[in-house]
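Novice: Structure below; questions to follow.
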Amino acid sequence: MAESLITQHIDLWTSAIEVKSTAGRGSKNKFDLYGIKKLRELILELAVRGKLVPQDPRDEPASVLLEKIAVEKNYLIKEGKIRKAKNLPKIEKNEWPFELPCGWDFSRLNTILTKITDGTHHSPPNKDTGDYLYISAKNIKNEGVQIANATYVTTAVHQDIYTRCNPELGDILYIKDGATTGVVTINDIDEPFSMLSSVALLKCPSLLFNKYLLLSLRSPFFYNEMRAGMTGVAITRVTLKKLENSFIPVPPLAEQQRIFAKVDELMVLCDQLEQQTLTSIDAHATLVETLLETLTNSADAAELEQNWARISEHFDTLFTTEQSIDALKQTILQLAVMGKLVRQDPTDEPASVLLEKIAAEKAQLIKDKKIKKEKPLLPISDDEKLFELPLGWEWCRLNDFTLSSEAGWSPQCDSNPRIGENWGVLKVSAVTWGKFKSEENKALPQELNPKTQYEIEIGDFLISRANTADLVAKSVVVPMDAPNHLMMSDKIIRFKFSDRINAEYINLVNNSLFARNYYALVAGGTSSSMKNVSRDQIRNLVIALPSKKEASLILEKYNELLNVCEKIKLNLQICNQTNLRITDAIVDNALN
């Protein structure tokens with residue numbers, strides 16, 4: 001049954017992928033192979049429900065096995081090797097959470113184990129070296145006990161802990177506290193060690209196959225049983241009492257061994273499927289990246305047209321993931337700012353003339369004392385010219401068309417946003433997500449007077465000077481529908497451009513890879529994550545400037561293509577959600 005489930009739906013298992021966020025090539029941590037994950041869970045669930053391997057009527061039934069385990073435990077109690085546990089009520093058939101095959105039975109965990117306890121509840125002094133290993137939840141992994149980052153305790157401390165909690169080779173270790181609650185493994189360390197209370201110790205009698213118990217504790221059935229009613233707020237935990245009372249489906253001993261062998265075999269298949277899927281995803285992303293690079297590397301319009309024809313011929317095969325659509329969007333943006341998205345018109349006024357007019361405008365404003373004369377910036381070096389300019393374009397710095405720039409202020413504001421049209425101070429998050437978010441503000445206290453000179457105006461180019469490495473120097477243009485009475489914080493810088501410049505086009509350039517690479521190079525900061533840029537560094541941003549008319553045409557074409565990409569991406573998301581739902585339906589159907 002399990003093999004047919006895998007083979008009949010193999011395309012679904014490998015294509016049902018849950019995207020966490022946009023991810024590029026090699027970013028496998030940003031998505032889940034949902035289908036394969038559900039397949040693994042299904043295999044474990046079928047195993048503990050007796051649906052993975054056929055039953056053999058010649059097997060000694062579980063009821064006899066449970067009687068033998070009881071005899072063994074009584075003997076160990078009489079020998080003083082284990083303590084007598086509290087008698088728990090037998091599980092009646094009407095309490096069974098699901099039907100079991102003939103020869104199986106349900107038992108409480110405390111009934112079939114010789115010991116359930118946990119490590120010390122008082123964290124002892126521990127250090128990098130010592131007499132005995134000291135194990136906590138961080139050391140418990142599915143594949144075994146990881147000691148690379150373990151600490152150590154003294155002999156006296158160890159002996160105090162070990163008298164109550166004595167893990168031995170082959171025992172089961174279960175994380176019962178914290179974010180990784182439910183991770184369970186078989187102890188593979190053949191030496192005594194001490195444990196913290198975040199890990200429970202489960203000892204099996206000789207008549208119970210510990211590897212079957214391991215996969216039972218990993219099954220969705222047991223996981224959900226433990227998560228139900230879990231205690232704790234900041235740190236969730238499973239109590240020992242809950243573990244003791246938990247239900248475990250018990251098959252005949254011979255079937256336990258057959259089940260584990262089959263699960264092991266099928267998990268190897270899942271591993272292969274997972275690796276093949278990851279390899280396929282990586283190869284697909286590499287192919288898309290390589291082909292898209294041919295567009296940005298095209299020497300002229302004719303070559304670009306040829307390269308695009310090659311891609312469009314296989315569009316349905318190439319752009320099948322959200323990551324590939326995001327890569328396409330970034331390529332379209334690069335083509336836009338490189339002047340490869342629309343054809344140049346030789347009758348347009350060249351950008352060099354546009355810059356001369358802006359220079360004359362600035363000179364007149366300085367003469368009229370409306371703006372201050374600034375220290376001239378360094379000429380643009382050949383190293384800063386990153387590509388061949390199209391006809392009529394010109395290299396310049398952002399400051400060449402800037403009339404004024406200033407940072408805002410950050411008074412002690414209320415933590416809540418302003419109400420109505422009251423005054424508020426914009427947070428950095430108002431300008432860093434590609435769209436102006438006026439609701440991202442903090443209310444100015446009533447006792448403070450607003451500084452109206454920092455109020456934003458329609459058409460302002462706002463840019464963040466401090467943020468995470470990914471978001472620092474992200475920008476927006478204040479739209480026509482922006483509300484009044486909002487001021488910039490001191491982490492936002494406002495640039496006012498000449499009216500001859502299309503601010504939305506400059507915003508496009510500022511979001512391109514060329515600009516992002518520049519900011520990554522010049523940004524400072526005391527930590528690896530938080531970065532900052534200065535006003536001078538933003539003023540020095542090198543921009544390939546088209547004519548004003550071409551800038552408008554580029555924006556129009558870019559937005560048109562972007563809308564197409566968003567529609568494709570939305571359809572992909574709908575398909576992905578459908579795949580996830582179908583996967584869940586297949587799993588439910590297999591179990592029911």
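Identifiers for the structure tokens are assigned positionally: chains receive A, B, ... in sequence, residues are indexed from 1 per chain, and ligands are indexed from 1 in the order shown.
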Would you please extract all helix (DSSP H, G or I) residues from region 157-371 of chain A, as assigned by DSSP on the backbone, and give them as number ranges by chain?
Specialist: A: 157-162, 210-218, 220-227, 240-245, 253-296, 301-312, 315-318, 322-337, 351-367
Novice: Let's have the selection written as a compact mmCIF listing (two decimals), in the first residue's frame, with C-alpha atoms.
Specialist:
```
# COMPACT_ATOMS: atom_id res chain seq x y z
CA VAL A 157 27.25 16.34 40.50
CA HIS A 158 26.93 13.44 38.06
CA GLN A 159 26.44 10.83 40.77
CA ASP A 160 23.69 12.92 42.36
CA ILE A 161 21.80 13.15 39.06
CA TYR A 162 22.54 9.61 37.88
CA ASN A 210 13.02 0.05 21.09
CA LYS A 211 13.21 1.03 17.42
CA TYR A 212 9.48 0.39 17.00
CA LEU A 213 8.80 2.53 20.05
CA LEU A 214 11.01 5.25 18.55
CA LEU A 215 8.98 5.50 15.36
CA SER A 216 5.75 5.37 17.41
CA LEU A 217 6.91 8.40 19.41
CA ARG A 218 7.73 10.17 16.13
CA PRO A 220 1.82 12.31 14.04
CA PHE A 221 -0.60 10.42 16.30
CA PHE A 222 1.74 10.59 19.31
CA TYR A 223 2.94 14.12 18.48
CA ASN A 224 -0.64 15.41 18.44
CA GLU A 225 -1.43 13.47 21.62
CA MET A 226 1.43 15.26 23.39
CA ARG A 227 0.69 18.71 21.94
CA LEU A 240 6.06 13.15 32.90
CA LYS A 241 2.49 12.38 33.98
CA LYS A 242 1.27 13.05 30.45
CA LEU A 243 3.95 10.78 29.05
CA GLU A 244 3.08 8.04 31.52
CA ASN A 245 -0.62 8.16 30.62
CA LEU A 253 6.97 -8.30 18.63
CA ALA A 254 7.71 -9.94 15.26
CA GLU A 255 5.55 -7.34 13.50
CA GLN A 256 7.32 -4.52 15.36
CA GLN A 257 10.54 -5.62 13.67
CA ARG A 258 8.89 -5.93 10.24
CA ILE A 259 7.35 -2.48 10.64
CA PHE A 260 10.67 -0.87 11.50
CA ALA A 261 12.39 -2.56 8.55
CA LYS A 262 9.68 -1.31 6.17
CA VAL A 263 9.75 2.22 7.60
CA ASP A 264 13.53 2.28 7.26
CA GLU A 265 13.25 1.16 3.64
CA LEU A 266 10.60 3.75 2.78
CA MET A 267 12.43 6.58 4.53
CA VAL A 268 15.44 5.86 2.31
CA LEU A 269 13.12 6.33 -0.68
CA CYS A 270 11.92 9.60 0.83
CA ASP A 271 15.54 10.70 1.26
CA GLN A 272 16.17 9.97 -2.41
CA LEU A 273 13.03 11.82 -3.46
CA GLU A 274 14.02 14.79 -1.32
CA GLN A 275 17.54 14.95 -2.74
CA GLN A 276 16.28 14.61 -6.32
CA THR A 277 13.73 17.38 -5.71
CA LEU A 278 16.31 19.72 -4.17
CA THR A 279 18.72 19.00 -7.02
CA SER A 280 15.96 19.66 -9.55
CA ILE A 281 14.98 22.93 -7.83
CA ASP A 282 18.60 24.06 -7.72
CA ALA A 283 19.22 23.11 -11.36
CA HIS A 284 16.03 24.87 -12.45
CA ALA A 285 17.03 28.04 -10.60
CA THR A 286 20.52 27.93 -12.15
CA LEU A 287 19.05 27.52 -15.63
CA VAL A 288 16.65 30.45 -15.13
CA GLU A 289 19.44 32.62 -13.72
CA THR A 290 21.79 31.78 -16.61
CA LEU A 291 19.19 32.48 -19.29
CA LEU A 292 18.08 35.73 -17.67
CA GLU A 293 21.72 36.87 -17.56
CA THR A 294 21.79 36.60 -21.35
CA LEU A 295 19.16 39.35 -21.42
CA THR A 296 21.09 41.82 -19.25
CA ALA A 301 18.42 45.51 -29.11
CA ALA A 302 18.76 42.86 -31.81
CA GLU A 303 20.65 40.46 -29.54
CA LEU A 304 18.22 41.14 -26.72
CA GLU A 305 15.34 40.27 -29.01
CA GLN A 306 17.01 36.98 -29.98
CA ASN A 307 17.74 36.06 -26.37
CA TRP A 308 14.20 36.88 -25.29
CA ALA A 309 12.79 34.77 -28.14
CA ARG A 310 14.80 31.81 -26.82
CA ILE A 311 13.40 32.29 -23.32
CA SER A 312 9.81 32.96 -24.35
CA PHE A 315 8.39 30.29 -20.79
CA ASP A 316 5.94 27.72 -19.39
CA THR A 317 8.82 25.41 -18.44
CA LEU A 318 11.15 28.06 -16.99
CA GLU A 322 7.67 31.98 -7.32
CA GLN A 323 11.47 32.21 -7.14
CA SER A 324 11.78 32.17 -10.93
CA ILE A 325 9.14 34.90 -11.25
CA ASP A 326 11.00 37.01 -8.68
CA ALA A 327 14.20 36.51 -10.70
CA LEU A 328 12.33 37.58 -13.85
CA LYS A 329 11.06 40.73 -12.08
CA GLN A 330 14.60 41.61 -11.00
CA THR A 331 15.83 41.09 -14.56
CA ILE A 332 13.10 43.35 -15.94
CA LEU A 333 14.20 45.99 -13.43
CA GLN A 334 17.83 45.64 -14.54
CA LEU A 335 16.84 45.93 -18.20
CA ALA A 336 14.81 49.03 -17.36
CA VAL A 337 17.66 50.94 -15.69
CA ALA A 351 20.15 63.60 -20.85
CA SER A 352 23.29 65.75 -21.12
CA VAL A 353 21.12 68.75 -22.06
CA LEU A 354 18.69 67.87 -19.26
CA LEU A 355 21.56 67.91 -16.74
CA GLU A 356 22.82 71.26 -18.09
CA LYS A 357 19.37 72.78 -17.55
CA ILE A 358 19.20 71.37 -13.99
CA ALA A 359 22.69 72.77 -13.28
CA ALA A 360 21.53 76.21 -14.47
CA GLU A 361 18.39 75.89 -12.35
CA LYS A 362 20.45 75.05 -9.25
CA ALA A 363 22.85 77.94 -9.93
CA GLN A 364 19.94 80.37 -10.08
CA LEU A 365 18.47 79.03 -6.83
CA ILE A 366 21.86 79.44 -5.16
CA LYS A 367 22.11 82.97 -6.51
```
Novice: What lies within 8 Å of Tyr152 (chain A) using only C-alpha atoms, ignoring chain neighbours under 6 positions off, as a count of residues only?
Specialist: 9
Novice: I want to know what sits within 12 Å of Leu386 (chain A), based on only C-alpha atoms, with residues of the same chain fewer than 4 positions away left out; could you give that as a list in words?
Specialist: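 The filter keeps Thr296, Asn297, Gln334, Val337, Met338, Ile380, Ser381, Asp382, Trp395, Leu513, Phe514, Ala515, Asn517, Tyr518, Val542, Ile543 and Ala544 of chain A.
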Novice: Please provide as a tab-separated table (two decimals) with all heavy atoms, in the first residue's frame all residues within 8 Å of region 411-413 of chain A, with the sequence filter that same-chain residues fewer than 4 positions apart are discarded (counting only C-alpha atoms).
Specialist:
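Generated file (part18.tsv):
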```
chain	number	residue	atom	x	y	z
A	425	VAL	N	4.88	60.91	13.51
A	425	VAL	CA	6.23	60.80	12.98
A	425	VAL	C	6.37	59.44	12.30
A	425	VAL	O	6.10	58.41	12.92
A	425	VAL	CB	7.29	60.96	14.10
A	425	VAL	CG1	8.69	60.79	13.52
A	425	VAL	CG2	7.15	62.31	14.78
A	442	LYS	N	4.16	56.98	14.50
A	442	LYS	CA	3.93	57.09	15.93
A	442	LYS	C	3.34	58.46	16.22
A	442	LYS	O	3.75	59.46	15.64
A	442	LYS	CB	5.24	56.90	16.71
A	442	LYS	CG	5.79	55.50	16.66
A	442	LYS	CD	7.04	55.36	17.53
A	442	LYS	CE	7.56	53.94	17.53
A	442	LYS	NZ	8.75	53.79	18.41
A	443	ALA	N	2.36	58.47	17.13
A	443	ALA	CA	1.65	59.72	17.43
A	443	ALA	C	2.58	60.70	18.15
A	443	ALA	O	3.30	60.34	19.08
A	443	ALA	CB	0.42	59.43	18.29
A	444	LEU	N	2.53	61.97	17.71
A	444	LEU	CA	3.27	63.03	18.40
A	444	LEU	C	2.50	63.41	19.66
A	444	LEU	O	1.31	63.72	19.59
A	444	LEU	CB	3.42	64.24	17.48
A	444	LEU	CG	4.30	65.38	18.02
A	444	LEU	CD1	5.77	64.95	18.02
A	444	LEU	CD2	4.11	66.65	17.20
A	445	PRO	N	3.14	63.38	20.83
A	445	PRO	CA	2.42	63.74	22.06
A	445	PRO	C	1.83	65.15	21.98
A	445	PRO	O	2.40	66.05	21.35
A	445	PRO	CB	3.52	63.66	23.14
A	445	PRO	CG	4.54	62.73	22.56
A	445	PRO	CD	4.52	62.98	21.08
```
Novice: Do you know which residues are at most 9 Å from Ser429 (chain A) counting only C-alpha atoms, after dropping those on the same chain fewer than 6 positions away, and could you put them as a list of chain:residue names?
Specialist: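 Using only C-alpha atoms, the neighbours found are A:Phe436, A:Lys437, A:Glu440, A:Asn441, A:Ser464.
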Novice: What would the file look like if the residues just selected were written as a CSV table (one decimal), in the first residue's frame with N, CA and C atoms?
Specialist:
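Wrote result-v5.csv, looks like this:
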```
chain,number,residue,atom,x,y,z
A,436,PHE,N,4.6,53.3,-0.1
A,436,PHE,CA,4.5,54.3,1.0
A,436,PHE,C,3.4,53.8,2.0
A,437,LYS,N,3.8,53.6,3.2
A,437,LYS,CA,2.8,53.1,4.2
A,437,LYS,C,2.7,54.2,5.3
A,440,GLU,N,2.3,53.5,9.1
A,440,GLU,CA,3.5,53.2,9.9
A,440,GLU,C,4.0,54.5,10.5
A,441,ASN,N,3.4,54.9,11.6
A,441,ASN,CA,3.8,56.1,12.3
A,441,ASN,C,3.6,56.0,13.8
A,464,SER,N,15.5,55.4,3.6
A,464,SER,CA,15.9,55.0,5.0
A,464,SER,C,17.4,55.1,5.1
```
Novice: Could you check the closest approach to Asn416 (chain A) for each of A:Thr347, A:Val533, A:Glu439, A:Tyr519 and tell me which residue wins, using only C-alpha atoms?
Specialist: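 Nearest to Asn416 (chain A): A:Glu439.
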Novice: Each residue of region 502-537 of chain A with at least one atom at most 12 Å from region 557-568 of chain A should appear once, together with its nearest atom pair and the corresponding distance in Å (one decimal); atoms considered: only C-alpha atoms; ordering: chain, then increasing residue number; output as a Markdown table.
Specialist:
```
| residue | atom | partner | partner_atom | distance |
| --- | --- | --- | --- | --- |
| A:Glu504 | CA | A:Asn559 | CA | 11.2 |
| A:Tyr505 | CA | A:Tyr558 | CA | 10.1 |
| A:Leu508 | CA | A:Tyr558 | CA | 9.4 |
| A:Val509 | CA | A:Tyr558 | CA | 11.9 |
```
Novice: May I have the selected residues written with all heavy atoms, as an mmCIF file, in the first residue's frame?
Specialist:
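The result, stored in out_22.cif:
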```cif
data_model
loop_
_atom_site.group_PDB
_atom_site.id
_atom_site.type_symbol
_atom_site.label_atom_id
_atom_site.label_comp_id
_atom_site.auth_asym_id
_atom_site.auth_seq_id
_atom_site.Cartn_x
_atom_site.Cartn_y
_atom_site.Cartn_z
ATOM 1 N N GLU A 504 9.868 58.863 -9.703
ATOM 2 C CA GLU A 504 9.516 57.433 -9.701
ATOM 3 C C GLU A 504 10.565 56.616 -10.444
ATOM 4 O O GLU A 504 10.862 55.483 -10.065
ATOM 5 C CB GLU A 504 8.137 57.225 -10.340
ATOM 6 C CG GLU A 504 6.967 57.770 -9.527
ATOM 7 C CD GLU A 504 6.675 56.953 -8.269
ATOM 8 O OE1 GLU A 504 7.359 55.931 -8.047
ATOM 9 O OE2 GLU A 504 5.774 57.348 -7.513
ATOM 10 N N TYR A 505 11.151 57.200 -11.482
ATOM 11 C CA TYR A 505 12.208 56.486 -12.198
ATOM 12 C C TYR A 505 13.448 56.352 -11.322
ATOM 13 O O TYR A 505 14.083 55.289 -11.279
ATOM 14 C CB TYR A 505 12.564 57.190 -13.517
ATOM 15 C CG TYR A 505 13.699 56.499 -14.219
ATOM 16 C CD1 TYR A 505 13.481 55.320 -14.930
ATOM 17 C CD2 TYR A 505 15.012 56.979 -14.117
ATOM 18 C CE1 TYR A 505 14.525 54.638 -15.532
ATOM 19 C CE2 TYR A 505 16.061 56.299 -14.721
ATOM 20 C CZ TYR A 505 15.820 55.132 -15.423
ATOM 21 O OH TYR A 505 16.853 54.441 -15.997
ATOM 22 N N LEU A 508 13.039 53.637 -9.017
ATOM 23 C CA LEU A 508 13.279 52.364 -9.704
ATOM 24 C C LEU A 508 14.774 52.041 -9.699
ATOM 25 O O LEU A 508 15.185 50.922 -9.369
ATOM 26 C CB LEU A 508 12.764 52.477 -11.141
ATOM 27 C CG LEU A 508 12.322 51.196 -11.850
ATOM 28 C CD1 LEU A 508 11.102 50.602 -11.166
ATOM 29 C CD2 LEU A 508 12.020 51.499 -13.312
ATOM 30 N N VAL A 509 15.588 53.035 -10.048
ATOM 31 C CA VAL A 509 17.040 52.846 -10.065
ATOM 32 C C VAL A 509 17.544 52.481 -8.673
ATOM 33 O O VAL A 509 18.395 51.609 -8.503
ATOM 34 C CB VAL A 509 17.748 54.121 -10.566
ATOM 35 C CG1 VAL A 509 19.269 53.966 -10.467
ATOM 36 C CG2 VAL A 509 17.343 54.428 -12.001
#
```
Novice: What is the distance, in Å and to one decimal place, between CA of Gly50 (chain A) and CA of Asp32 (chain A)?
Specialist: 28.3 Å
Novice: Which value, in Å to one decimal, gives the distance between CA of Pro350 (chain A) and CA of Pro546 (chain A)?
Specialist: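 Separating CA of Pro350 (chain A) from CA of Pro546 (chain A) is a distance of 7.3 Å.
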Novice: I'd like the neighbourhood of Tyr34 (chain A) as a list in words, where a residue qualifies if any of its atoms comes within 10 Å (using only C-alpha atoms), though same-chain residues fewer than 4 positions away should be ignored.
Specialist: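 Within the cut-off, the hits are Leu12, Trp13, Thr14, Ser15, Ala16, Ile17, Glu18, Val19, Lys38, Leu39, Arg40, Asn579, Leu580, Thr583 and Asp584 of chain A.
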Novice: For Gly524 (chain A), which residue out of A:Ala482, A:Leu572, A:Ala469, A:Val145 is the nearest one, using only C-alpha atoms?
Specialist: A:Ala469
